[in-house]
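Shown next: coords-v2.tsv, containing TSV, C-alpha atoms.
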chain	number	residue	atom	x	y	z
Z	300	MET	CA	0.00	0.00	0.00
Z	301	ALA	CA	1.27	3.45	-0.80
Z	302	PHE	CA	2.11	5.57	2.19
Z	303	THR	CA	3.14	9.06	3.13
Z	304	LEU	CA	6.63	9.36	4.56
Z	305	THR	CA	6.09	11.07	7.90
Z	306	ASP	CA	7.96	8.99	10.47
Z	307	ALA	CA	11.20	7.78	8.89
Z	308	PHE	CA	13.78	6.33	11.27
Z	309	ILE	CA	17.37	7.55	11.00
Z	310	SER	CA	20.19	5.96	12.99
Z	311	ILE	CA	23.88	6.80	12.54
Z	312	ASN	CA	26.55	5.05	14.59
Z	313	GLY	CA	23.83	3.99	17.01
Z	314	VAL	CA	22.51	7.53	17.42
Z	315	THR	CA	18.89	8.22	16.52
Z	316	LEU	CA	18.50	11.48	14.62
Z	317	SER	CA	15.02	10.95	13.18
Z	318	ASP	CA	13.62	14.04	14.87
Z	319	GLN	CA	16.33	16.17	13.26
Z	320	GLY	CA	15.85	14.97	9.68
Z	321	ASN	CA	13.46	15.84	6.89
Z	322	HIS	CA	14.78	13.96	3.85
Z	323	VAL	CA	16.22	10.55	3.01
Z	324	THR	CA	17.37	9.09	-0.29
Z	325	ILE	CA	18.73	5.55	-0.55
Z	326	GLU	CA	20.46	4.49	-3.76
Z	327	ASP	CA	21.30	0.79	-4.09
Z	328	MET	CA	23.17	0.69	-7.36
Z	329	ARG	CA	25.05	-1.58	-9.75
Z	330	GLU	CA	27.52	-0.29	-12.28
Z	331	GLU	CA	26.45	-0.53	-15.90
Z	332	LYS	CA	28.96	-2.33	-18.07
Z	333	ASP	CA	28.73	-2.46	-21.83
Z	334	ALA	CA	28.92	-6.14	-22.80
Z	335	THR	CA	28.17	-5.66	-26.46
Z	336	ALA	CA	30.32	-7.85	-28.72
Z	337	PHE	CA	31.12	-7.57	-32.42
Z	338	GLY	CA	28.27	-8.79	-34.53
Z	339	ALA	CA	25.60	-7.70	-32.09
Z	340	SER	CA	22.53	-5.94	-33.36
Z	341	ASN	CA	21.55	-4.59	-29.97
Z	342	LYS	CA	23.56	-3.14	-27.15
Z	343	VAL	CA	23.93	-5.46	-24.16
Z	344	THR	CA	24.37	-4.03	-20.70
Z	345	ALA	CA	25.70	-6.13	-17.82
Z	346	LYS	CA	25.91	-5.35	-14.15
Z	347	GLY	CA	29.24	-4.52	-12.58
Z	348	LEU	CA	30.12	-3.81	-8.98
Z	349	GLY	CA	27.51	-2.81	-6.47
Z	350	ASP	CA	27.49	0.51	-4.70
Z	351	GLY	CA	25.33	2.35	-2.24
Z	352	THR	CA	24.65	5.90	-1.20
Z	353	ILE	CA	22.45	7.21	1.60
Z	354	THR	CA	21.70	10.92	1.51
Z	355	ILE	CA	20.04	12.46	4.55
Z	356	GLY	CA	18.73	15.96	4.96
Z	357	PHE	CA	18.79	17.48	8.44
Z	358	PHE	CA	17.82	20.64	10.20
Z	359	GLN	CA	21.19	21.71	11.55
Z	360	ASN	CA	21.47	21.54	15.32
Z	361	PHE	CA	24.67	22.34	17.20
Z	362	ALA	CA	23.38	21.18	20.61
Z	363	ALA	CA	25.19	18.37	22.43
Z	364	GLY	CA	24.32	14.95	21.06
Z	365	LYS	CA	22.48	16.29	18.04
Z	366	VAL	CA	23.32	16.66	14.35
Z	367	HIS	CA	26.64	18.47	14.33
Z	368	ALA	CA	27.99	16.69	17.40
Z	369	THR	CA	27.18	13.33	15.82
Z	370	LEU	CA	28.23	13.97	12.22
Z	371	GLN	CA	31.22	16.28	12.46
Z	372	PRO	CA	33.53	13.63	14.01
Z	373	LEU	CA	32.65	11.25	11.19
Z	374	ILE	CA	33.82	13.42	8.31
Z	375	GLY	CA	37.43	12.96	9.42
Z	376	SER	CA	37.04	9.30	10.32
Z	377	GLN	CA	38.21	6.42	8.15
Z	378	THR	CA	36.27	3.82	10.14
Z	379	PRO	CA	32.85	2.87	8.77
Z	380	VAL	CA	29.77	3.34	10.92
Z	381	THR	CA	26.40	1.66	10.63
Z	382	VAL	CA	23.69	3.77	9.03
Z	383	GLU	CA	20.13	2.49	9.25
Z	384	ILE	CA	17.01	3.99	7.72
Z	385	ARG	CA	13.49	2.63	8.11
Z	386	ALA	CA	10.27	3.85	6.59
Z	387	THR	CA	8.78	4.23	10.06
Z	388	SER	CA	10.13	4.35	13.59
Z	389	GLY	CA	8.55	0.97	14.32
Z	390	ALA	CA	10.68	-2.10	14.83
Z	391	ARG	CA	12.13	-3.93	11.84
Z	392	SER	CA	9.61	-6.20	10.18
Z	393	ALA	CA	8.70	-7.54	6.78
Z	394	THR	CA	6.68	-4.41	6.15
Z	395	ASN	CA	9.20	-2.08	7.78
Z	396	PRO	CA	12.62	-3.42	6.80
Z	397	GLY	CA	15.83	-1.86	7.94
Z	398	ILE	CA	17.90	-0.33	5.17
Z	399	VAL	CA	21.38	-0.82	6.54
Z	400	MET	CA	24.80	0.11	5.22
Z	401	SER	CA	28.26	0.16	6.73
Z	402	ALA	CA	29.28	3.57	5.54
Z	403	LEU	CA	31.70	6.44	5.52
Z	404	LEU	CA	30.55	10.05	5.58
Z	405	PHE	CA	31.85	11.69	2.43
Z	406	SER	CA	30.00	14.99	2.42
Z	407	TYR	CA	28.94	17.18	5.32
Z	408	ASN	CA	27.95	20.78	4.77
Z	409	PRO	CA	27.29	22.15	8.26
Z	410	LEU	CA	25.72	25.37	7.03
Z	411	ASP	CA	23.92	25.74	3.73
Z	412	GLY	CA	21.10	28.24	3.58
Z	413	ASP	CA	19.70	31.62	2.76
Z	414	VAL	CA	18.66	34.49	4.94
Z	415	GLY	CA	15.35	33.88	6.61
Z	416	GLU	CA	15.30	30.17	5.79
Z	417	MET	CA	15.63	27.15	8.04
Z	418	SER	CA	19.23	26.01	8.39
Z	419	VAL	CA	19.10	22.67	6.61
Z	420	MET	CA	22.05	20.58	5.54
Z	421	THR	CA	22.84	17.32	3.79
Z	422	ALA	CA	24.98	14.37	4.79
Z	423	ILE	CA	26.07	11.87	2.14
Z	424	PHE	CA	27.16	8.39	3.21
Z	425	ARG	CA	28.80	5.99	0.77
Z	426	ASN	CA	29.13	2.24	1.03
Z	427	ALA	CA	32.29	1.02	2.78
Z	428	SER	CA	31.91	-2.75	2.99
Z	429	GLN	CA	31.45	-5.82	0.82
Z	430	THR	CA	27.90	-6.34	2.04
Z	431	GLY	CA	26.59	-3.16	0.46
Z	432	ILE	CA	23.07	-2.18	1.42
Z	433	THR	CA	21.11	-4.87	3.24
Z	434	TYR	CA	17.42	-5.04	4.15
Z	435	PRO	CA	17.04	-6.94	7.44
Z	436	THR	CA	13.50	-7.58	8.63
Z	437	SER	CA	14.34	-8.58	12.19
O	117	MET	CA	43.04	7.40	23.31
O	118	ALA	CA	44.37	3.93	24.01
O	119	ASN	CA	42.14	0.96	23.45
O	120	THR	CA	42.31	-2.48	25.04
O	121	TYR	CA	43.18	-5.57	23.02
O	122	ARG	CA	43.87	-9.24	23.58
O	123	ALA	CA	46.68	-11.10	21.84
O	124	LEU	CA	45.29	-14.27	20.26
O	125	THR	CA	48.37	-16.01	18.92
O	126	PRO	CA	51.95	-16.63	20.01
O	127	ALA	CA	53.07	-14.24	17.28
O	128	ALA	CA	50.90	-11.47	18.72
O	129	VAL	CA	52.10	-12.26	22.23
O	130	GLY	CA	55.63	-11.86	20.94
O	131	VAL	CA	54.86	-8.44	19.49
O	132	PHE	CA	52.70	-7.13	22.33
O	133	ALA	CA	52.12	-9.04	25.55
O	134	ALA	CA	50.39	-12.13	26.81
O	135	GLY	CA	46.69	-11.63	27.47
O	136	VAL	CA	45.17	-8.17	27.58
O	137	PHE	CA	47.18	-5.08	26.71
O	138	GLU	CA	46.51	-1.41	26.04
O	139	ARG	CA	47.83	0.33	22.94
O	140	GLU	CA	47.18	3.56	21.11
O	141	PHE	CA	47.08	2.40	17.51
O	142	THR	CA	46.18	4.65	14.62
O	143	ALA	CA	42.83	3.81	13.03
O	144	THR	CA	44.65	2.10	10.17
O	145	GLU	CA	46.91	0.11	12.47
O	146	GLU	CA	43.93	-0.99	14.53
O	147	ARG	CA	42.05	-2.14	11.45
O	148	ASP	CA	45.08	-3.99	10.10
O	149	TRP	CA	45.76	-5.79	13.40
O	150	LEU	CA	42.12	-6.75	13.87
O	151	ASP	CA	41.79	-7.91	10.26
O	152	SER	CA	44.91	-10.04	10.72
O	153	GLY	CA	43.16	-12.06	13.40
O	154	LEU	CA	46.16	-11.79	15.68
O	155	VAL	CA	44.45	-9.54	18.18
O	156	GLU	CA	40.89	-8.77	19.22
O	157	LEU	CA	39.22	-5.82	20.86
O	158	VAL	CA	38.33	-6.29	24.51
O	159	PRO	CA	34.85	-4.97	25.36
O	160	ARG	CA	34.73	-1.95	27.61
O	161	THR	CA	31.96	-0.49	29.77
O	162	TYR	CA	30.35	2.79	28.71
O	163	ARG	CA	27.72	5.05	30.24
O	164	VAL	CA	25.15	6.70	27.98
O	165	LEU	CA	24.97	10.48	28.30
O	166	SER	CA	22.62	11.49	25.50
O	167	ASP	CA	18.92	10.79	25.08
O	168	ASN	CA	19.16	9.54	21.51
O	169	TYR	CA	21.70	6.71	21.66
O	170	ALA	CA	20.71	3.09	21.08
O	171	VAL	CA	20.97	2.42	24.82
O	172	ALA	CA	18.88	4.41	27.29
O	173	GLN	CA	20.35	7.54	28.86
O	174	GLY	CA	22.14	6.86	32.14
O	175	GLU	CA	22.51	3.14	31.54
O	176	THR	CA	25.78	1.34	31.08
O	177	PHE	CA	26.63	-1.19	28.42
O	178	GLU	CA	29.61	-3.20	27.24
O	179	ALA	CA	30.89	-2.91	23.70
O	180	ALA	CA	34.04	-3.39	21.69
O	181	LEU	CA	34.10	-0.12	19.79
O	182	LEU	CA	36.67	0.70	17.16
O	183	LYS	CA	38.70	3.71	18.27
O	184	GLU	CA	37.33	6.19	15.72
O	185	ASN	CA	33.73	5.14	16.33
O	186	GLU	CA	34.28	5.41	20.06
O	187	ALA	CA	35.92	8.83	19.65
O	188	ALA	CA	33.01	10.05	17.53
O	189	LEU	CA	30.48	9.00	20.17
O	190	ILE	CA	32.51	10.43	23.05
O	191	SER	CA	33.18	13.76	21.35
O	192	GLY	CA	29.53	13.93	20.32
O	193	GLY	CA	28.50	13.71	23.95
O	194	HIS	CA	26.73	10.38	23.59
O	195	ILE	CA	28.82	8.09	25.80
O	196	GLU	CA	31.67	8.09	28.26
O	197	ARG	CA	34.02	5.39	29.39
O	198	VAL	CA	33.40	3.76	32.73
O	199	ASP	CA	36.86	2.68	33.69
O	200	LYS	CA	36.80	0.01	36.30
O	201	PRO	CA	39.11	0.55	39.26
O	202	PRO	CA	42.11	-1.79	39.44
O	203	THR	CA	41.31	-5.12	40.98
O	204	SER	CA	42.62	-5.19	44.53
O	205	LYS	CA	44.81	-8.07	45.55
O	206	ARG	CA	43.30	-10.67	47.81
O	207	LYS	CA	44.62	-10.62	51.32
O	208	GLY	CA	46.99	-13.44	52.03

The structure in this file should be written as structure tokens.
Amino acid sequence: MAFTLTDAFISINGVTLSDQGNHVTIEDMREEKDATAFGASNKVTAKGLGDGTITIGFFQNFAAGKVHATLQPLIGSQTPVTVEIRATSGARSATNPGIVMSALLFSYNPLDGDVGEMSVMTAIFRNASQTGITYPTS
Amino acid sequence: MANTYRALTPAAVGVFAAGVFEREFTATEERDWLDSGLVELVPRTYRVLSDNYAVAQGETFEAALLKENEAALISGGHIERVDKPPTSKRKG
């Protein structure tokens, strides 16, 4: 059943930041490889390596334990952290699977806004393990 | 900040020490040693300071956190180490 995204769950390195976020995009991708051989009459595309990106939009918050305090240490870190997104804040289930990736934070723009607007920012996590994005239901 | 490890093989004991030892590896060194299987992280006790960590605020938990992940959580104000006092010797 279609649903309206109103209660997405966002966890980064074990820290829940759902109430600070307002946007999530998960991209579970495979590289496109041209496998077309001589003599072909149609182009053939094969799948290459997998990849994953999780993009999260936040309202910036510099308070202790909130967005900046949680994300800023990760931009300089080379150790992957677990990022989990769920469609709702309910527990993992078949209808509310976790979307989990061991990830590194590659982009963090702590301030990005115009005068009079809410201070929103974007964090971009990229896959950092051989498991890619997984979808556990329990 | 130093982390606590356990040597798992005679080779690791030769390099470090028998049993549990503390060492301040770089993140890369830590990953390389753990991936080698020669050493393992020893779980440590932490207290939760923030109200949005996976464990409830004020509670303690044991975990074997990689040094950069631990540093991120400590600097973010989410957890703190609960270092146990040295074990006192039994009276003779």

Output as CSV one row per residue of stretch 352-414 of chain Z within 10 Å of stretch 327-340 of chain Z: the closest atom pair and its distance in Å to one decimal place, counting all atoms listed in the file, sorted by chain and residue number ascending.
residue,atom,partner,partner_atom,distance
Z:Thr352,CA,Z:Asp327,CA,6.8
Z:Ile353,CA,Z:Asp327,CA,8.7
Z:Ile398,CA,Z:Asp327,CA,9.9
Z:Met400,CA,Z:Asp327,CA,10.0

Against chain Z, which residues of chain O fall within 7 Å? For each one I want the closest pair of atoms and the distance in Å (one decimal), counting only C-alpha atoms, rows by chain and increasing residue number, as a tab-separated table.
residue	atom	partner	partner_atom	distance
O:Ser166	CA	Z:Gly364	CA	5.9
O:Asn168	CA	Z:Thr315	CA	5.2
O:Tyr169	CA	Z:Val314	CA	4.4
O:Ala170	CA	Z:Gly313	CA	5.2
O:Glu184	CA	Z:Thr378	CA	6.2
O:Asn185	CA	Z:Thr378	CA	6.8
O:Ala188	CA	Z:Pro372	CA	5.0
O:Leu189	CA	Z:Thr369	CA	7.0
O:Gly192	CA	Z:Ala368	CA	4.3
O:Gly193	CA	Z:Gly364	CA	5.2
O:His194	CA	Z:Gly364	CA	5.8

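Of note, atom CA of Z:Thr305 and atom CA of Z:His322 are spaced 10.0 Å apart.
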
Mind listing as a PyMOL selection string all residues within 12 Å of (49.6, -5.8, 22.8), counting only C-alpha atoms?
chain O and resi 118-141+146+149-150+154-158

Just-selected residues, C-alpha atoms written as a tab-separated table (two decimals), keeping the file's coordinate frame:
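Result written to part.tsv:
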chain	number	residue	atom	x	y	z
O	118	ALA	CA	44.37	3.93	24.01
O	119	ASN	CA	42.14	0.96	23.45
O	120	THR	CA	42.31	-2.48	25.04
O	121	TYR	CA	43.18	-5.57	23.02
O	122	ARG	CA	43.87	-9.24	23.58
O	123	ALA	CA	46.68	-11.10	21.84
O	124	LEU	CA	45.29	-14.27	20.26
O	125	THR	CA	48.37	-16.01	18.92
O	126	PRO	CA	51.95	-16.63	20.01
O	127	ALA	CA	53.07	-14.24	17.28
O	128	ALA	CA	50.90	-11.47	18.72
O	129	VAL	CA	52.10	-12.26	22.23
O	130	GLY	CA	55.63	-11.86	20.94
O	131	VAL	CA	54.86	-8.44	19.49
O	132	PHE	CA	52.70	-7.13	22.33
O	133	ALA	CA	52.12	-9.04	25.55
O	134	ALA	CA	50.39	-12.13	26.81
O	135	GLY	CA	46.69	-11.63	27.47
O	136	VAL	CA	45.17	-8.17	27.58
O	137	PHE	CA	47.18	-5.08	26.71
O	138	GLU	CA	46.51	-1.41	26.04
O	139	ARG	CA	47.83	0.33	22.94
O	140	GLU	CA	47.18	3.56	21.11
O	141	PHE	CA	47.08	2.40	17.51
O	146	GLU	CA	43.93	-0.99	14.53
O	149	TRP	CA	45.76	-5.79	13.40
O	150	LEU	CA	42.12	-6.75	13.87
O	154	LEU	CA	46.16	-11.79	15.68
O	155	VAL	CA	44.45	-9.54	18.18
O	156	GLU	CA	40.89	-8.77	19.22
O	157	LEU	CA	39.22	-5.82	20.86
O	158	VAL	CA	38.33	-6.29	24.51

How many Å separate atom CA of Z:Thr387 from atom CA of Z:Thr324?
14.3 Å

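In this structure, atom CA of Z:Thr344 sits 24.1 Å away from atom CA of Z:Arg425.
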
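Minimum atom-to-atom distances from O:Asp151, O:Val171, O:Met117, O:Glu145 to O:Glu186 were compared using all atoms listed in the file, and the lowest value belongs to O:Met117.
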
N, CA and C atoms restored at stretch 158-175 of chain O, emitted as a PDB file, keeping the file's coordinate frame:
ATOM      1  N   VAL O 158      38.945  -5.862  23.250  1.00  0.00           N
ATOM      2  CA  VAL O 158      38.330  -6.290  24.510  1.00  0.00           C
ATOM      3  C   VAL O 158      37.174  -5.329  24.820  1.00  0.00           C
ATOM      4  N   PRO O 159      35.987  -5.867  25.058  1.00  0.00           N
ATOM      5  CA  PRO O 159      34.850  -4.970  25.360  1.00  0.00           C
ATOM      6  C   PRO O 159      35.127  -4.113  26.585  1.00  0.00           C
ATOM      7  N   ARG O 160      34.545  -2.934  26.550  1.00  0.00           N
ATOM      8  CA  ARG O 160      34.730  -1.950  27.610  1.00  0.00           C
ATOM      9  C   ARG O 160      33.342  -1.486  28.043  1.00  0.00           C
ATOM     10  N   THR O 161      33.252  -0.984  29.268  1.00  0.00           N
ATOM     11  CA  THR O 161      31.960  -0.490  29.770  1.00  0.00           C
ATOM     12  C   THR O 161      31.821   1.006  29.489  1.00  0.00           C
ATOM     13  N   TYR O 162      30.646   1.382  28.998  1.00  0.00           N
ATOM     14  CA  TYR O 162      30.350   2.790  28.710  1.00  0.00           C
ATOM     15  C   TYR O 162      29.062   3.189  29.415  1.00  0.00           C
ATOM     16  N   ARG O 163      28.968   4.479  29.715  1.00  0.00           N
ATOM     17  CA  ARG O 163      27.720   5.050  30.240  1.00  0.00           C
ATOM     18  C   ARG O 163      27.132   5.969  29.182  1.00  0.00           C
ATOM     19  N   VAL O 164      25.825   5.896  28.999  1.00  0.00           N
ATOM     20  CA  VAL O 164      25.150   6.700  27.980  1.00  0.00           C
ATOM     21  C   VAL O 164      24.794   8.061  28.560  1.00  0.00           C
ATOM     22  N   LEU O 165      25.198   9.104  27.846  1.00  0.00           N
ATOM     23  CA  LEU O 165      24.970  10.480  28.300  1.00  0.00           C
ATOM     24  C   LEU O 165      23.820  11.155  27.556  1.00  0.00           C
ATOM     25  N   SER O 166      23.625  10.792  26.312  1.00  0.00           N
ATOM     26  CA  SER O 166      22.620  11.490  25.500  1.00  0.00           C
ATOM     27  C   SER O 166      21.289  10.733  25.538  1.00  0.00           C
ATOM     28  N   ASP O 167      20.262  11.400  25.049  1.00  0.00           N
ATOM     29  CA  ASP O 167      18.920  10.790  25.080  1.00  0.00           C
ATOM     30  C   ASP O 167      18.534  10.183  23.732  1.00  0.00           C
ATOM     31  N   ASN O 168      19.502  10.072  22.823  1.00  0.00           N
ATOM     32  CA  ASN O 168      19.160   9.540  21.510  1.00  0.00           C
ATOM     33  C   ASN O 168      20.134   8.441  21.044  1.00  0.00           C
ATOM     34  N   TYR O 169      20.833   7.834  22.004  1.00  0.00           N
ATOM     35  CA  TYR O 169      21.700   6.710  21.660  1.00  0.00           C
ATOM     36  C   TYR O 169      20.890   5.417  21.738  1.00  0.00           C
ATOM     37  N   ALA O 170      21.435   4.364  21.158  1.00  0.00           N
ATOM     38  CA  ALA O 170      20.710   3.090  21.080  1.00  0.00           C
ATOM     39  C   ALA O 170      20.413   2.497  22.451  1.00  0.00           C
ATOM     40  N   VAL O 171      21.200   2.871  23.442  1.00  0.00           N
ATOM     41  CA  VAL O 171      20.970   2.420  24.820  1.00  0.00           C
ATOM     42  C   VAL O 171      20.418   3.620  25.604  1.00  0.00           C
ATOM     43  N   ALA O 172      19.559   3.336  26.566  1.00  0.00           N
ATOM     44  CA  ALA O 172      18.880   4.410  27.290  1.00  0.00           C
ATOM     45  C   ALA O 172      19.864   5.289  28.064  1.00  0.00           C
ATOM     46  N   GLN O 173      19.528   6.556  28.159  1.00  0.00           N
ATOM     47  CA  GLN O 173      20.350   7.540  28.860  1.00  0.00           C
ATOM     48  C   GLN O 173      20.571   7.107  30.313  1.00  0.00           C
ATOM     49  N   GLY O 174      21.810   7.199  30.762  1.00  0.00           N
ATOM     50  CA  GLY O 174      22.140   6.860  32.140  1.00  0.00           C
ATOM     51  C   GLY O 174      22.522   5.412  32.346  1.00  0.00           C
ATOM     52  N   GLU O 175      22.174   4.567  31.392  1.00  0.00           N
ATOM     53  CA  GLU O 175      22.510   3.140  31.540  1.00  0.00           C
ATOM     54  C   GLU O 175      23.936   2.881  31.089  1.00  0.00           C
TER      55      GLU O 175
END
